[in-house]
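Down below is the structure, laid out as structure tokens.
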Amino acid sequence: MRPEVLALATDLSRRGEPFVLATVVWRRAPSSGKEGSTALITPDHRVRGWLGGACAEPTVIREALRALEEGTPRLLFLGPPEELAARGREGVVTVPIACQSEGALEVYVEPVLPQPHLVVIGRSPAVGTLASMAGALGWRAVVVDEGGLAEDYPGADLVLTSLELSDADVTERSVIVVATQGHYDEAALEAALATPAAYVGLVASRKRADAVLGYLRDRGASDDQLARVHAPAGLDLGKIAHEEIAVAILAELVEERAAGNLAAASPADVPTHEEIDPVCGMTVDVASAVYRATFEDTTYYFCSAGCLTRFEEDPARFAAAVPG
């Protein structure tokens, strides 16, 4: 993998952004793709790296975004239409490409979906236990402890000493748990509610939680803001020890995630407009199409210069073959 692609994948993973890695695992000359070539594809259709030429890349982008939406990897065979039946097998998506060359590619596309991002604020036995348990599940865990050190929380990916939560990379997919044990509940919860986090929980008794929410209401917090707070945080397991509180909280977060309440934004949210190349039948992304022509007040889009040239030689013939 090229260093710049690896660096971008690392950065996107740290920020909890979804992407797809596409790798050429087989090629037949004269395809411009090379075995081992890797590209990173993001939901906005951008490609970093190299996969192949004008015929292959739009097709790989389209199938990569489908893999991202479904959350499952797949192997693509891109080649002449007459080879598709022979290449088709379980787990393989066959895609016709009708370029002038006789090249073909197999590309493995693997979606990388963000793991939940947990931010725990405070210093208590529950904080360290929750960070460790989240880390064991593969979640990204950040601890905010004004007097804490990294060695105090071996299960955390990052330890911050300030309530400036922008340093924690909080997004609409993050979850925040305030476990300050009464020391600065109000300030911590106010900071949490200023973020777009999908879940905000407060570790406190019901009486203490009511007092904290009442304080924030008096300071101008709206009912909608306060309704975001899960208080007391975690499933009700009765009177339990501090470390067991972490189990109750994580159980609730797993439940929330299973219900889809902590899901990442779907790549389907990115609008697309596709048309069929009237010459070869390939799907073309209109926004990125380089080759286009207008005939009888209708614009046609092409995957390559070769298809555009063939269309211009006899536009009436190809236009007539396009479904109305």
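Identifiers in this document derive from the order of the structure tokens: chains are assigned A, B, ..., residues are numbered from 1 separately in each chain, and ligands are numbered from 1 in order of occurrence.
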
Excluding same-chain residues fewer than 3 positions from A:Arg228, what lies within 9 Å of it counting only C-alpha atoms, as a PyMOL selection string? chain A and resi 193+198-201+223-225

List as a ChimeraX atom specification the protein and nucleic acid residues near A:Ser222, meaning an atom at most 12 Å away when only C-alpha atoms are counted, but skip any in the same chain fewer than 6 places from it. /A:190,193-194,213-216,228-229

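Around A:Glu90, within 12 Å and counting only C-alpha atoms, the residues found are Arg74, Leu75 and Leu76 of chain A, once anything fewer than 6 positions away on its own chain is removed.
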
With N, CA, C and O atoms retained, write the just-selected residues as a tab-separated table (two decimals), in the first residue's frame.
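To be explicit, this is the file written out as selection_30.tsv:
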```tsv
chain	number	residue	atom	x	y	z
A	74	ARG	N	-16.34	-7.92	-0.98
A	74	ARG	CA	-16.66	-8.73	-2.17
A	74	ARG	C	-15.49	-8.70	-3.13
A	74	ARG	O	-14.63	-7.81	-3.09
A	75	LEU	N	-15.47	-9.71	-4.00
A	75	LEU	CA	-14.48	-9.79	-5.07
A	75	LEU	C	-15.17	-9.45	-6.38
A	75	LEU	O	-16.22	-10.00	-6.70
A	76	LEU	N	-14.59	-8.53	-7.14
A	76	LEU	CA	-15.16	-8.11	-8.41
A	76	LEU	C	-14.36	-8.69	-9.55
A	76	LEU	O	-13.12	-8.69	-9.52
```

Between atom CA of A:Val20 and atom CA of A:Ala136 - distance in Å to one decimal: 23.9 Å

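Considering only C-alpha atoms, the residue among A:Cys307, A:Ala192, A:Ala39, A:Ala231 positioned nearest to A:Lys207 is A:Ala231.
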
List every residue of stretch 139-291 of chain A that DSSP, applied to the backbone of this structure, assigns to strand (DSSP E or B), and report them as a PDB file with C-alpha atoms, in the first residue's frame.
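The new file part20.pdb reads:
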```pdb
ATOM      1  CA  ARG A 140     -12.084   3.672  20.377  1.00  0.00           C
ATOM      2  CA  ALA A 141     -11.934   4.881  23.969  1.00  0.00           C
ATOM      3  CA  VAL A 142     -10.956   8.361  25.145  1.00  0.00           C
ATOM      4  CA  VAL A 143     -10.718   9.264  28.837  1.00  0.00           C
ATOM      5  CA  VAL A 144     -11.031  12.870  29.996  1.00  0.00           C
ATOM      6  CA  LEU A 158      -6.191   8.703  24.353  1.00  0.00           C
ATOM      7  CA  VAL A 159      -6.203  10.478  27.726  1.00  0.00           C
ATOM      8  CA  LEU A 160      -7.111  14.182  27.842  1.00  0.00           C
ATOM      9  CA  SER A 174     -19.698   9.286  19.437  1.00  0.00           C
ATOM     10  CA  VAL A 175     -20.996   8.372  22.882  1.00  0.00           C
ATOM     11  CA  ILE A 176     -20.091  10.343  26.004  1.00  0.00           C
ATOM     12  CA  VAL A 177     -20.362   9.072  29.566  1.00  0.00           C
ATOM     13  CA  VAL A 178     -19.967  11.528  32.460  1.00  0.00           C
ATOM     14  CA  TYR A 199     -25.476   9.303  23.327  1.00  0.00           C
ATOM     15  CA  VAL A 200     -24.815  11.290  26.502  1.00  0.00           C
ATOM     16  CA  GLY A 201     -24.976   9.421  29.809  1.00  0.00           C
ATOM     17  CA  LEU A 202     -24.576  10.574  33.404  1.00  0.00           C
ATOM     18  CA  VAL A 229     -29.207  12.714  28.730  1.00  0.00           C
ATOM     19  CA  HIS A 230     -29.445   9.093  29.839  1.00  0.00           C
ATOM     20  CA  GLU A 274     -25.841   7.693 -13.193  1.00  0.00           C
ATOM     21  CA  GLU A 275     -26.507   7.143 -16.877  1.00  0.00           C
ATOM     22  CA  ILE A 276     -25.835   4.257 -19.259  1.00  0.00           C
ATOM     23  CA  THR A 283     -22.886   2.744 -15.978  1.00  0.00           C
ATOM     24  CA  VAL A 284     -21.375   6.239 -15.924  1.00  0.00           C
ATOM     25  CA  ASP A 285     -21.378   8.663 -12.995  1.00  0.00           C
ATOM     26  CA  TYR A 291     -16.839  12.331 -22.097  1.00  0.00           C
TER      27      TYR A 291
END
```

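Distances here use only C-alpha atoms; by that measure, the residue among A:Glu57, A:Asp44, A:Glu244, A:Glu110 closest to A:Leu21 is A:Glu110.
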
When DSSP works through the backbone of this structure, what residues of stretch 70-297 of chain A end up as helix (DSSP H, G or I), shown as an MDAnalysis selection string? chainID A and resid 70 81:87 125:136 150:152 165:168 185:193 206:218 223:227 242:258 267:269

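Checking A:Asn261, A:His273, A:Leu308, A:Trp26 one by one against A:Val290, counting only C-alpha atoms, you find the shortest gap at A:Leu308.
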
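Using only C-alpha atoms, the smallest distance between any of A:Ala64, A:Trp139, A:Val127, A:Lys34 and A:Gly103 comes from A:Lys34.
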
Between A:Ala188, A:Val92, A:Val119, A:Ala126, which one has atoms that come closest to A:Ala156, using only C-alpha atoms? A:Val119

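Distances to A:Val112 were evaluated for A:Thr23, A:Ser288, A:Thr72, A:Thr59 using only C-alpha atoms, and the minimum falls at A:Thr72.
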
Using only C-alpha atoms, which protein or nucleic acid residues come within 8 Å of A:Ala179? Drop anything in the same chain fewer than 3 positions from it, and give the result as a PDB file with N, CA and C atoms, in the first residue's frame.
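To be explicit, this is the file written out as out.pdb:
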```
ATOM      1  N   VAL A 120     -15.165   8.960  27.963  1.00  0.00           N
ATOM      2  CA  VAL A 120     -15.553   8.860  29.368  1.00  0.00           C
ATOM      3  C   VAL A 120     -14.906  10.006  30.125  1.00  0.00           C
ATOM      4  N   ILE A 121     -15.728  10.774  30.841  1.00  0.00           N
ATOM      5  CA  ILE A 121     -15.227  11.930  31.578  1.00  0.00           C
ATOM      6  C   ILE A 121     -15.269  11.626  33.071  1.00  0.00           C
ATOM      7  N   GLY A 122     -14.115  11.803  33.749  1.00  0.00           N
ATOM      8  CA  GLY A 122     -14.099  11.630  35.196  1.00  0.00           C
ATOM      9  C   GLY A 122     -12.964  10.759  35.668  1.00  0.00           C
ATOM     10  N   ARG A 123     -12.924  10.567  36.972  1.00  0.00           N
ATOM     11  CA  ARG A 123     -11.930   9.694  37.605  1.00  0.00           C
ATOM     12  C   ARG A 123     -12.648   8.842  38.635  1.00  0.00           C
ATOM     13  N   SER A 124     -12.769   7.566  38.336  1.00  0.00           N
ATOM     14  CA  SER A 124     -13.397   6.629  39.261  1.00  0.00           C
ATOM     15  C   SER A 124     -13.061   5.228  38.771  1.00  0.00           C
ATOM     16  N   ALA A 126     -15.014   3.059  37.785  1.00  0.00           N
ATOM     17  CA  ALA A 126     -15.858   2.751  36.631  1.00  0.00           C
ATOM     18  C   ALA A 126     -15.252   3.280  35.334  1.00  0.00           C
ATOM     19  N   VAL A 127     -14.527   4.403  35.406  1.00  0.00           N
ATOM     20  CA  VAL A 127     -13.944   5.008  34.200  1.00  0.00           C
ATOM     21  C   VAL A 127     -12.900   4.085  33.585  1.00  0.00           C
ATOM     22  N   ASP A 185     -19.867  17.331  37.767  1.00  0.00           N
ATOM     23  CA  ASP A 185     -20.914  16.773  36.910  1.00  0.00           C
ATOM     24  C   ASP A 185     -21.497  17.829  35.985  1.00  0.00           C
ATOM     25  N   LEU A 202     -25.068  10.040  32.127  1.00  0.00           N
ATOM     26  CA  LEU A 202     -24.576  10.574  33.404  1.00  0.00           C
ATOM     27  C   LEU A 202     -24.640   9.472  34.455  1.00  0.00           C
ATOM     28  N   VAL A 203     -23.482   9.153  35.063  1.00  0.00           N
ATOM     29  CA  VAL A 203     -23.426   8.175  36.141  1.00  0.00           C
ATOM     30  C   VAL A 203     -23.744   8.912  37.435  1.00  0.00           C
ATOM     31  N   ALA A 204     -24.914   8.664  37.973  1.00  0.00           N
ATOM     32  CA  ALA A 204     -25.361   9.340  39.198  1.00  0.00           C
ATOM     33  C   ALA A 204     -26.634   8.666  39.683  1.00  0.00           C
TER      34      ALA A 204
END
```

Between atom CA of A:Ile97 and atom CA of A:Ala67, what is the spacing in Å? 19.2 Å
